[in-house]
Amino acid sequence: MTYVLIRILTFPFAYLPFRVIHFLGRCLGTLAYYTLTKYRKRALSNLSLAKMPNIKKTAKASFHNLAITCLEYAKFAHLKNPEKVLCCENPEQAKALIDQGIGILFFCGHQANWELLFLEGTRRMPGVAIGRPIKDKRLYDWVVSIREKFGGTIVPPKKALKEGLRALKQGKFFGILGDQGMPESAYAFEFFGRRAWTTPAPAILSYKTKCPLIVATIKREKGKYFIRYSDPIWPHVEAPLEEEIQRMMKAALLILEEKVRETPGQWLWQHNRWKQETPLNVYYRYRWDSLLLILKKEHLFLLPTFREIYPKAFITVYAPQGVTLPFEDIETHTYEKESDLFITDYRFKMVFNFSDTPQLKRHFLKQSAFEVLDLPALKKAAREHLTPNDTLPLILKKALTRPNTLWSKHAP
């Protein structure tokens, strides 16, 4: 049913001019910005974490970009001459490598219509990329048929490593969207000055196959798309693998960051790029990357517990003036009176309000916070497992984390 509905709704877009599609995309994107609260908050928070200016304007532009990308699927499914709207500014070096039988790792991000990176690439060179299947098989098959329109091959994540290695050894390119948050990864980079866990797979594959890494970026300008390839980043196979992962990934991510800064409204800020915590301990509902703790003096002893629960999260603390907060990995501020706490800061996706000012809940929910929790709310969340002798640190653990992780369900 979903497939049929989407095909019916998108069918007219196959025959509309791009300027009309882009106008409608901006209208739809504006509507999405105001109605999809979850994604608006996430985008505004991420833009604040990245210290970007004009966060509301950029977030709205990002919604415009995402809507345009979605509406263009039907158009590119039927478009016979993509060169009219799609241009690779410097394909020569990459094409020469492929012609010599040398495979290429293309490192890409969710910029503009990122689907066009693979479409344009496979018009010139044989290539493989990763596609994550969705539940509606017919809809996914349609999307894959668009991606493979010019002879490329889409492989599922489970086969990505095997098929990627095979493609590189055959002298093809292998495309990886590498700007997604991966807190389970062992590699992190200061993306936009903020720690971002990232897959090291592009550097590892490059090192193992001796194939170069090239960053492919794209931007939309005056209704057309322009793709640009970086200079090849060659692996130094005589150096240790760990050193090369650091060097190559840093080089690739710096290039991507520079290009995102040039057109920030064309990047997918709605994605959890700075995701920090793995699913191991914390319940999904409370698993956020940027936290604000508003504490009174008598609650400061809870800071080690919060850090135990959230070992990687970006934590900011507001505490009364005159107290010492000796935590190097926690951003600290003091307040003189509780009215000072009504700050404007869109970084925080979750707030723990232990003050005596309940009005702060509404204040932060109007910004980027998904949850504002006080002590009664935490006790309510933990009520199924509470016992009369539970301490406040244990209440926090029972409210926020799974049984038998940081606390034992069967402990006396």
# chains A, B, ... in the order shown; residues from 1 in each chain; ligands from 1
call {"tool": "closest_atom_pairs", "arguments": {"of": "stretch 57-153 of chain A", "to": "stretch 164-186 of chain A", "cutoff": "8 Å", "atoms": "only C-alpha atoms", "output": "JSON lines"}}
result
{"residue": "A:Ile98", "atom": "CA", "partner": "A:Gly171", "partner_atom": "CA", "distance": 6.0}
{"residue": "A:Gln100", "atom": "CA", "partner": "A:Gly171", "partner_atom": "CA", "distance": 8.0}
{"residue": "A:Gly101", "atom": "CA", "partner": "A:Gly171", "partner_atom": "CA", "distance": 4.5}
{"residue": "A:Ile102", "atom": "CA", "partner": "A:Gly171", "partner_atom": "CA", "distance": 4.7}
{"residue": "A:Gly103", "atom": "CA", "partner": "A:Gly171", "partner_atom": "CA", "distance": 4.0}
{"residue": "A:Ile104", "atom": "CA", "partner": "A:Phe173", "partner_atom": "CA", "distance": 4.5}
{"residue": "A:Leu105", "atom": "CA", "partner": "A:Phe174", "partner_atom": "CA", "distance": 5.1}
{"residue": "A:Phe106", "atom": "CA", "partner": "A:Gly175", "partner_atom": "CA", "distance": 4.6}
{"residue": "A:Phe107", "atom": "CA", "partner": "A:Ile176", "partner_atom": "CA", "distance": 5.3}
{"residue": "A:Cys108", "atom": "CA", "partner": "A:Leu177", "partner_atom": "CA", "distance": 4.7}
{"residue": "A:Gly109", "atom": "CA", "partner": "A:Leu177", "partner_atom": "CA", "distance": 5.2}
{"residue": "A:His110", "atom": "CA", "partner": "A:Asp179", "partner_atom": "CA", "distance": 7.1}
{"residue": "A:Phe118", "atom": "CA", "partner": "A:Gly175", "partner_atom": "CA", "distance": 7.4}
{"residue": "A:Met125", "atom": "CA", "partner": "A:Lys172", "partner_atom": "CA", "distance": 7.1}
{"residue": "A:Pro126", "atom": "CA", "partner": "A:Lys172", "partner_atom": "CA", "distance": 5.3}
{"residue": "A:Gly127", "atom": "CA", "partner": "A:Phe173", "partner_atom": "CA", "distance": 4.6}
{"residue": "A:Val128", "atom": "CA", "partner": "A:Phe174", "partner_atom": "CA", "distance": 4.9}
{"residue": "A:Ala129", "atom": "CA", "partner": "A:Gly175", "partner_atom": "CA", "distance": 4.6}
{"residue": "A:Ile130", "atom": "CA", "partner": "A:Ile176", "partner_atom": "CA", "distance": 6.6}
call {"tool": "residues_around", "arguments": {"residues": "stretch 207-223 of chain A", "least_positions_apart": "5", "cutoff": "8 Å", "atoms": "only C-alpha atoms", "output": "JSON, numbers by chain"}}
result
{"A": [18, 19, 22, 85, 102, 103, 104, 105, 106, 107, 108, 109, 111, 112, 113, 114, 117, 165, 168, 169, 202, 228, 229, 230, 231, 232, 233, 234, 235, 236, 237, 241, 244, 248, 252, 255, 256, 259, 263, 266]}
call {"tool": "write_last_selection", "arguments": {"atoms": "N, CA and C atoms", "output": "short mmCIF file (atom, residue, chain, number, x, y, z; two decimals), in the first residue's frame"}}
result
data_model
loop_
_atom_site.label_atom_id
_atom_site.label_comp_id
_atom_site.auth_asym_id
_atom_site.auth_seq_id
_atom_site.Cartn_x
_atom_site.Cartn_y
_atom_site.Cartn_z
N PHE A 18 12.47 21.05 -13.17
CA PHE A 18 13.20 21.06 -11.90
C PHE A 18 12.88 22.30 -11.07
N ARG A 19 12.71 23.44 -11.73
CA ARG A 19 12.44 24.66 -10.96
C ARG A 19 11.12 24.56 -10.20
N HIS A 22 11.69 22.10 -7.25
CA HIS A 22 12.44 22.76 -6.18
C HIS A 22 11.58 23.76 -5.42
N VAL A 85 21.32 18.81 -15.91
CA VAL A 85 21.22 19.39 -14.56
C VAL A 85 22.31 18.88 -13.63
N ILE A 102 42.80 0.69 -11.40
CA ILE A 102 42.96 0.99 -9.98
C ILE A 102 41.61 1.35 -9.38
N GLY A 103 41.19 0.62 -8.36
CA GLY A 103 39.92 0.91 -7.70
C GLY A 103 39.99 2.19 -6.88
N ILE A 104 38.82 2.74 -6.57
CA ILE A 104 38.73 3.99 -5.81
C ILE A 104 37.72 3.83 -4.69
N LEU A 105 38.09 4.30 -3.49
CA LEU A 105 37.15 4.43 -2.38
C LEU A 105 36.57 5.84 -2.45
N PHE A 106 35.29 5.97 -2.78
CA PHE A 106 34.66 7.29 -2.76
C PHE A 106 34.02 7.50 -1.39
N PHE A 107 34.46 8.54 -0.70
CA PHE A 107 33.92 8.90 0.61
C PHE A 107 32.96 10.06 0.41
N CYS A 108 31.70 9.87 0.79
CA CYS A 108 30.66 10.87 0.51
C CYS A 108 29.89 11.21 1.78
N GLY A 109 29.12 12.28 1.71
CA GLY A 109 28.24 12.68 2.81
C GLY A 109 26.84 12.96 2.30
N GLN A 111 24.92 15.34 1.36
CA GLN A 111 24.84 16.70 0.87
C GLN A 111 23.88 16.78 -0.31
N ALA A 112 23.19 17.93 -0.44
CA ALA A 112 22.31 18.18 -1.58
C ALA A 112 21.51 16.91 -1.88
N ASN A 113 21.43 16.50 -3.15
CA ASN A 113 20.84 15.19 -3.46
C ASN A 113 21.99 14.20 -3.58
N TRP A 114 22.34 13.58 -2.46
CA TRP A 114 23.50 12.68 -2.41
C TRP A 114 23.35 11.47 -3.31
N LEU A 117 25.48 11.40 -6.57
CA LEU A 117 26.90 11.07 -6.58
C LEU A 117 27.14 9.71 -7.23
N LEU A 165 35.41 -5.07 -1.24
CA LEU A 165 36.75 -5.57 -1.54
C LEU A 165 36.83 -6.14 -2.95
N LEU A 168 36.87 -3.25 -5.53
CA LEU A 168 38.15 -2.55 -5.58
C LEU A 168 39.22 -3.39 -6.28
N LYS A 169 39.23 -4.68 -6.00
CA LYS A 169 40.21 -5.56 -6.65
C LYS A 169 39.95 -5.69 -8.14
N PRO A 202 36.41 3.23 5.29
CA PRO A 202 37.06 3.72 4.06
C PRO A 202 38.58 3.64 4.14
N ARG A 228 32.20 17.52 -7.17
CA ARG A 228 33.65 17.75 -7.22
C ARG A 228 34.36 16.63 -6.46
N TYR A 229 35.45 16.14 -7.04
CA TYR A 229 36.27 15.11 -6.41
C TYR A 229 37.53 15.73 -5.82
N SER A 230 37.90 15.28 -4.64
CA SER A 230 39.16 15.73 -4.04
C SER A 230 40.34 15.05 -4.72
N ASP A 231 41.53 15.52 -4.43
CA ASP A 231 42.72 14.80 -4.87
C ASP A 231 42.75 13.44 -4.16
N PRO A 232 43.31 12.43 -4.78
CA PRO A 232 43.37 11.11 -4.13
C PRO A 232 44.18 11.15 -2.82
N ILE A 233 43.67 10.48 -1.82
CA ILE A 233 44.39 10.30 -0.56
C ILE A 233 44.92 8.87 -0.58
N TRP A 234 46.21 8.73 -0.83
CA TRP A 234 46.80 7.40 -0.99
C TRP A 234 47.21 6.82 0.36
N PRO A 235 47.02 5.53 0.55
CA PRO A 235 47.45 4.90 1.80
C PRO A 235 48.97 4.73 1.83
N HIS A 236 49.55 4.94 2.99
CA HIS A 236 50.97 4.66 3.18
C HIS A 236 51.07 3.27 3.81
N VAL A 237 51.16 2.26 2.98
CA VAL A 237 51.07 0.88 3.49
C VAL A 237 52.29 0.48 4.30
N LEU A 241 48.68 0.41 10.40
CA LEU A 241 47.28 0.63 10.01
C LEU A 241 46.61 1.68 10.88
N GLU A 244 47.44 5.12 9.85
CA GLU A 244 46.85 5.47 8.57
C GLU A 244 45.35 5.74 8.69
N MET A 248 44.18 9.26 7.27
CA MET A 248 43.31 9.28 6.09
C MET A 248 41.90 9.75 6.43
N ALA A 252 39.97 13.10 5.02
CA ALA A 252 38.69 13.01 4.32
C ALA A 252 37.61 13.83 5.03
N ILE A 255 37.93 17.63 4.56
CA ILE A 255 37.44 18.05 3.25
C ILE A 255 35.92 18.12 3.26
N LEU A 256 35.28 17.07 3.81
CA LEU A 256 33.82 17.06 3.86
C LEU A 256 33.30 18.22 4.71
N LYS A 259 33.35 21.50 2.83
CA LYS A 259 32.31 21.61 1.82
C LYS A 259 30.93 21.79 2.45
N THR A 263 27.96 25.20 2.00
CA THR A 263 26.51 25.17 1.78
C THR A 263 25.85 24.41 2.93
N GLN A 266 22.45 22.53 2.85
CA GLN A 266 22.28 21.37 1.98
C GLN A 266 22.82 20.09 2.61
#
call {"tool": "residues_around", "arguments": {"residues": "A:Leu139", "least_positions_apart": "2", "cutoff": "9 Å", "atoms": "only C-alpha atoms", "output": "PyMOL selection string"}}
result
chain A and resi 2-4+6-7+134-137+141-144
call {"tool": "select_by_dssp", "arguments": {"residues": "stretch 73-158 of chain A", "states": "alpha helix (DSSP H)", "output": "PyMOL selection string"}}
result
chain A and resi 73-78+92-99+115-124+137-147
call {"tool": "closest_residue", "arguments": {"among": "A:Arg138, A:His299, A:Phe370, A:Ala377", "to": "A:Leu5", "atoms": "only C-alpha atoms"}}
result
A:Arg138
call {"tool": "residues_around", "arguments": {"residues": "A:His271", "least_positions_apart": "2", "cutoff": "8 Å", "atoms": "only C-alpha atoms", "output": "list in words"}}
result
Arg42, Ala43, Gln180, Leu268, Trp269 and Arg273 of chain A
call {"tool": "write_last_selection", "arguments": {"atoms": "C-alpha atoms", "output": "short mmCIF file (atom, residue, chain, number, x, y, z; two decimals), in the first residue's frame"}}
result
data_model
loop_
_atom_site.label_atom_id
_atom_site.label_comp_id
_atom_site.auth_asym_id
_atom_site.auth_seq_id
_atom_site.Cartn_x
_atom_site.Cartn_y
_atom_site.Cartn_z
CA ARG A 42 17.46 17.43 16.35
CA ALA A 43 18.57 19.71 13.52
CA GLN A 180 26.70 8.92 9.92
CA LEU A 268 21.35 16.44 6.57
CA TRP A 269 21.38 18.08 10.00
CA ARG A 273 25.66 12.79 13.66
#
call {"tool": "select_by_dssp", "arguments": {"residues": "stretch 161-392 of chain A", "states": "strand (DSSP E or B)", "output": "ChimeraX atom specification"}}
result
/A:173-177,188-191,194-197,213-221,224-229,233,267,282,290-294,314-320,331-335,350-353,371-373
call {"tool": "residues_around", "arguments": {"residues": "A:Asn272", "least_positions_apart": "2", "cutoff": "12 Å", "atoms": "only C-alpha atoms", "output": "VMD selection string"}}
result
chain A and resid 38 to 47 49 179 to 183 196 to 198 268 to 270 274 to 277 287 to 290 349
call {"tool": "residues_around", "arguments": {"residues": "A:Ile245", "least_positions_apart": "4", "cutoff": "7 Å", "atoms": "only C-alpha atoms", "output": "MDAnalysis selection string"}}
result
chainID A and resid 200 203:204 241 249
call {"tool": "residues_around", "arguments": {"residues": "A:Thr324", "least_positions_apart": "2", "cutoff": "12 Å", "atoms": "only C-alpha atoms", "output": "list in words"}}
result
Lys297, Leu300, Phe301, Val317, Tyr318, Ala319, Pro320, Gln321, Gly322, Pro326, Phe327, Glu328, Thr332, His333 and Thr334 of chain A
call {"tool": "write_last_selection", "arguments": {"atoms": "C-alpha atoms", "output": "tab-separated table (two decimals), in the first residue's frame"}}
result
chain	number	residue	atom	x	y	z
A	297	LYS	CA	24.24	22.14	45.96
A	300	LEU	CA	26.25	17.71	43.15
A	301	PHE	CA	27.24	14.29	44.50
A	317	VAL	CA	26.11	21.58	34.43
A	318	TYR	CA	24.57	24.65	36.02
A	319	ALA	CA	25.17	24.81	39.78
A	320	PRO	CA	24.84	27.56	42.43
A	321	GLN	CA	27.60	30.13	42.76
A	322	GLY	CA	30.34	29.30	45.23
A	326	PRO	CA	36.26	19.63	39.41
A	327	PHE	CA	35.30	17.79	36.23
A	328	GLU	CA	37.50	18.32	33.19
A	332	THR	CA	30.33	23.91	34.05
A	333	HIS	CA	28.48	27.15	34.79
A	334	THR	CA	27.19	28.75	37.96
call {"tool": "atom_distance", "arguments": {"atom1": "atom CA of A:Leu161", "atom2": "atom CA of A:Glu242"}}
result
18.6 Å
call {"tool": "atom_distance", "arguments": {"atom1": "atom CA of A:Lys361", "atom2": "atom CA of A:Leu373"}}
result
7.9 Å
call {"tool": "closest_residue", "arguments": {"among": "A:Leu341, A:Glu243, A:Lys398, A:Ala188", "to": "A:Lys312", "atoms": "only C-alpha atoms"}}
result
A:Ala188
call {"tool": "closest_atom_pairs", "arguments": {"of": "stretch 336-393 of chain A", "to": "stretch 28-37 of chain A", "cutoff": "12 Å", "atoms": "only C-alpha atoms", "output": "CSV"}}
result
residue,atom,partner,partner_atom,distance
A:Leu365,CA,A:Thr37,CA,10.5
A:Lys366,CA,A:Thr37,CA,10.0
A:Gln367,CA,A:Thr37,CA,10.3
A:Ser368,CA,A:Thr37,CA,9.1
A:Ala369,CA,A:Thr37,CA,10.5
A:Phe370,CA,A:Thr37,CA,9.4
call {"tool": "atom_distance", "arguments": {"atom1": "atom CA of A:Lys95", "atom2": "atom CA of A:Arg124"}}
result
7.2 Å
call {"tool": "closest_residue", "arguments": {"among": "A:Lys158, A:Lys57, A:His64, A:Lys75", "to": "A:Tyr15", "atoms": "only C-alpha atoms"}}
result
A:Lys75
call {"tool": "closest_residue", "arguments": {"among": "A:Ala50, A:Cys27, A:Ala59, A:Leu9", "to": "A:Trp267", "atoms": "only C-alpha atoms"}}
result
A:Ala59
call {"tool": "decode", "arguments": {"residues": "stretch 254-276 of chain A", "atoms": "N, CA and C atoms", "output": "mmCIF file, in the first residue's frame"}}
result
data_model
loop_
_atom_site.group_PDB
_atom_site.id
_atom_site.type_symbol
_atom_site.label_atom_id
_atom_site.label_comp_id
_atom_site.auth_asym_id
_atom_site.auth_seq_id
_atom_site.Cartn_x
_atom_site.Cartn_y
_atom_site.Cartn_z
ATOM 1 N N LEU A 254 37.967 16.386 7.056
ATOM 2 C CA LEU A 254 38.227 17.825 6.965
ATOM 3 C C LEU A 254 37.745 18.384 5.631
ATOM 4 N N ILE A 255 37.934 17.626 4.562
ATOM 5 C CA ILE A 255 37.436 18.051 3.250
ATOM 6 C C ILE A 255 35.918 18.119 3.262
ATOM 7 N N LEU A 256 35.281 17.069 3.808
ATOM 8 C CA LEU A 256 33.822 17.059 3.864
ATOM 9 C C LEU A 256 33.304 18.218 4.705
ATOM 10 N N GLU A 257 33.907 18.455 5.858
ATOM 11 C CA GLU A 257 33.471 19.556 6.720
ATOM 12 C C GLU A 257 33.582 20.895 5.996
ATOM 13 N N GLU A 258 34.669 21.103 5.285
ATOM 14 C CA GLU A 258 34.856 22.355 4.547
ATOM 15 C C GLU A 258 33.734 22.561 3.532
ATOM 16 N N LYS A 259 33.354 21.500 2.834
ATOM 17 C CA LYS A 259 32.309 21.608 1.822
ATOM 18 C C LYS A 259 30.930 21.794 2.454
ATOM 19 N N VAL A 260 30.700 21.163 3.593
ATOM 20 C CA VAL A 260 29.428 21.372 4.294
ATOM 21 C C VAL A 260 29.320 22.821 4.751
ATOM 22 N N ARG A 261 30.404 23.393 5.220
ATOM 23 C CA ARG A 261 30.398 24.794 5.656
ATOM 24 C C ARG A 261 30.076 25.744 4.502
ATOM 25 N N GLU A 262 30.451 25.373 3.285
ATOM 26 C CA GLU A 262 30.173 26.228 2.131
ATOM 27 C C GLU A 262 28.676 26.310 1.849
ATOM 28 N N THR A 263 27.963 25.201 1.999
ATOM 29 C CA THR A 263 26.506 25.170 1.778
ATOM 30 C C THR A 263 25.853 24.405 2.928
ATOM 31 N N PRO A 264 25.835 24.973 4.133
ATOM 32 C CA PRO A 264 25.355 24.225 5.309
ATOM 33 C C PRO A 264 23.888 23.814 5.218
ATOM 34 N N GLY A 265 23.084 24.587 4.507
ATOM 35 C CA GLY A 265 21.672 24.242 4.393
ATOM 36 C C GLY A 265 21.408 23.042 3.516
ATOM 37 N N GLN A 266 22.446 22.533 2.848
ATOM 38 C CA GLN A 266 22.279 21.367 1.978
ATOM 39 C C GLN A 266 22.820 20.087 2.611
ATOM 40 N N TRP A 267 23.049 20.120 3.920
ATOM 41 C CA TRP A 267 23.497 18.910 4.618
ATOM 42 C C TRP A 267 22.371 18.389 5.499
ATOM 43 N N LEU A 268 22.415 17.095 5.810
ATOM 44 C CA LEU A 268 21.350 16.437 6.567
ATOM 45 C C LEU A 268 21.573 16.629 8.065
ATOM 46 N N TRP A 269 21.211 17.789 8.576
ATOM 47 C CA TRP A 269 21.382 18.084 10.002
ATOM 48 C C TRP A 269 20.388 17.312 10.862
ATOM 49 N N GLN A 270 19.383 16.696 10.271
ATOM 50 C CA GLN A 270 18.385 15.943 11.041
ATOM 51 C C GLN A 270 18.924 14.605 11.544
ATOM 52 N N HIS A 271 20.064 14.198 11.032
ATOM 53 C CA HIS A 271 20.640 12.910 11.431
ATOM 54 C C HIS A 271 21.379 13.042 12.762
ATOM 55 N N ASN A 272 21.424 11.967 13.542
ATOM 56 C CA ASN A 272 22.130 11.957 14.834
ATOM 57 C C ASN A 272 23.637 11.839 14.618
ATOM 58 N N ARG A 273 24.234 12.870 14.017
ATOM 59 C CA ARG A 273 25.656 12.788 13.665
ATOM 60 C C ARG A 273 26.556 12.671 14.884
ATOM 61 N N TRP A 274 26.180 13.316 15.987
ATOM 62 C CA TRP A 274 27.044 13.322 17.169
ATOM 63 C C TRP A 274 26.551 12.341 18.232
ATOM 64 N N LYS A 275 25.906 11.288 17.784
ATOM 65 C CA LYS A 275 25.445 10.244 18.696
ATOM 66 C C LYS A 275 26.635 9.705 19.495
ATOM 67 N N GLN A 276 26.474 9.594 20.819
ATOM 68 C CA GLN A 276 27.593 9.213 21.678
ATOM 69 C C GLN A 276 27.409 7.871 22.369
#
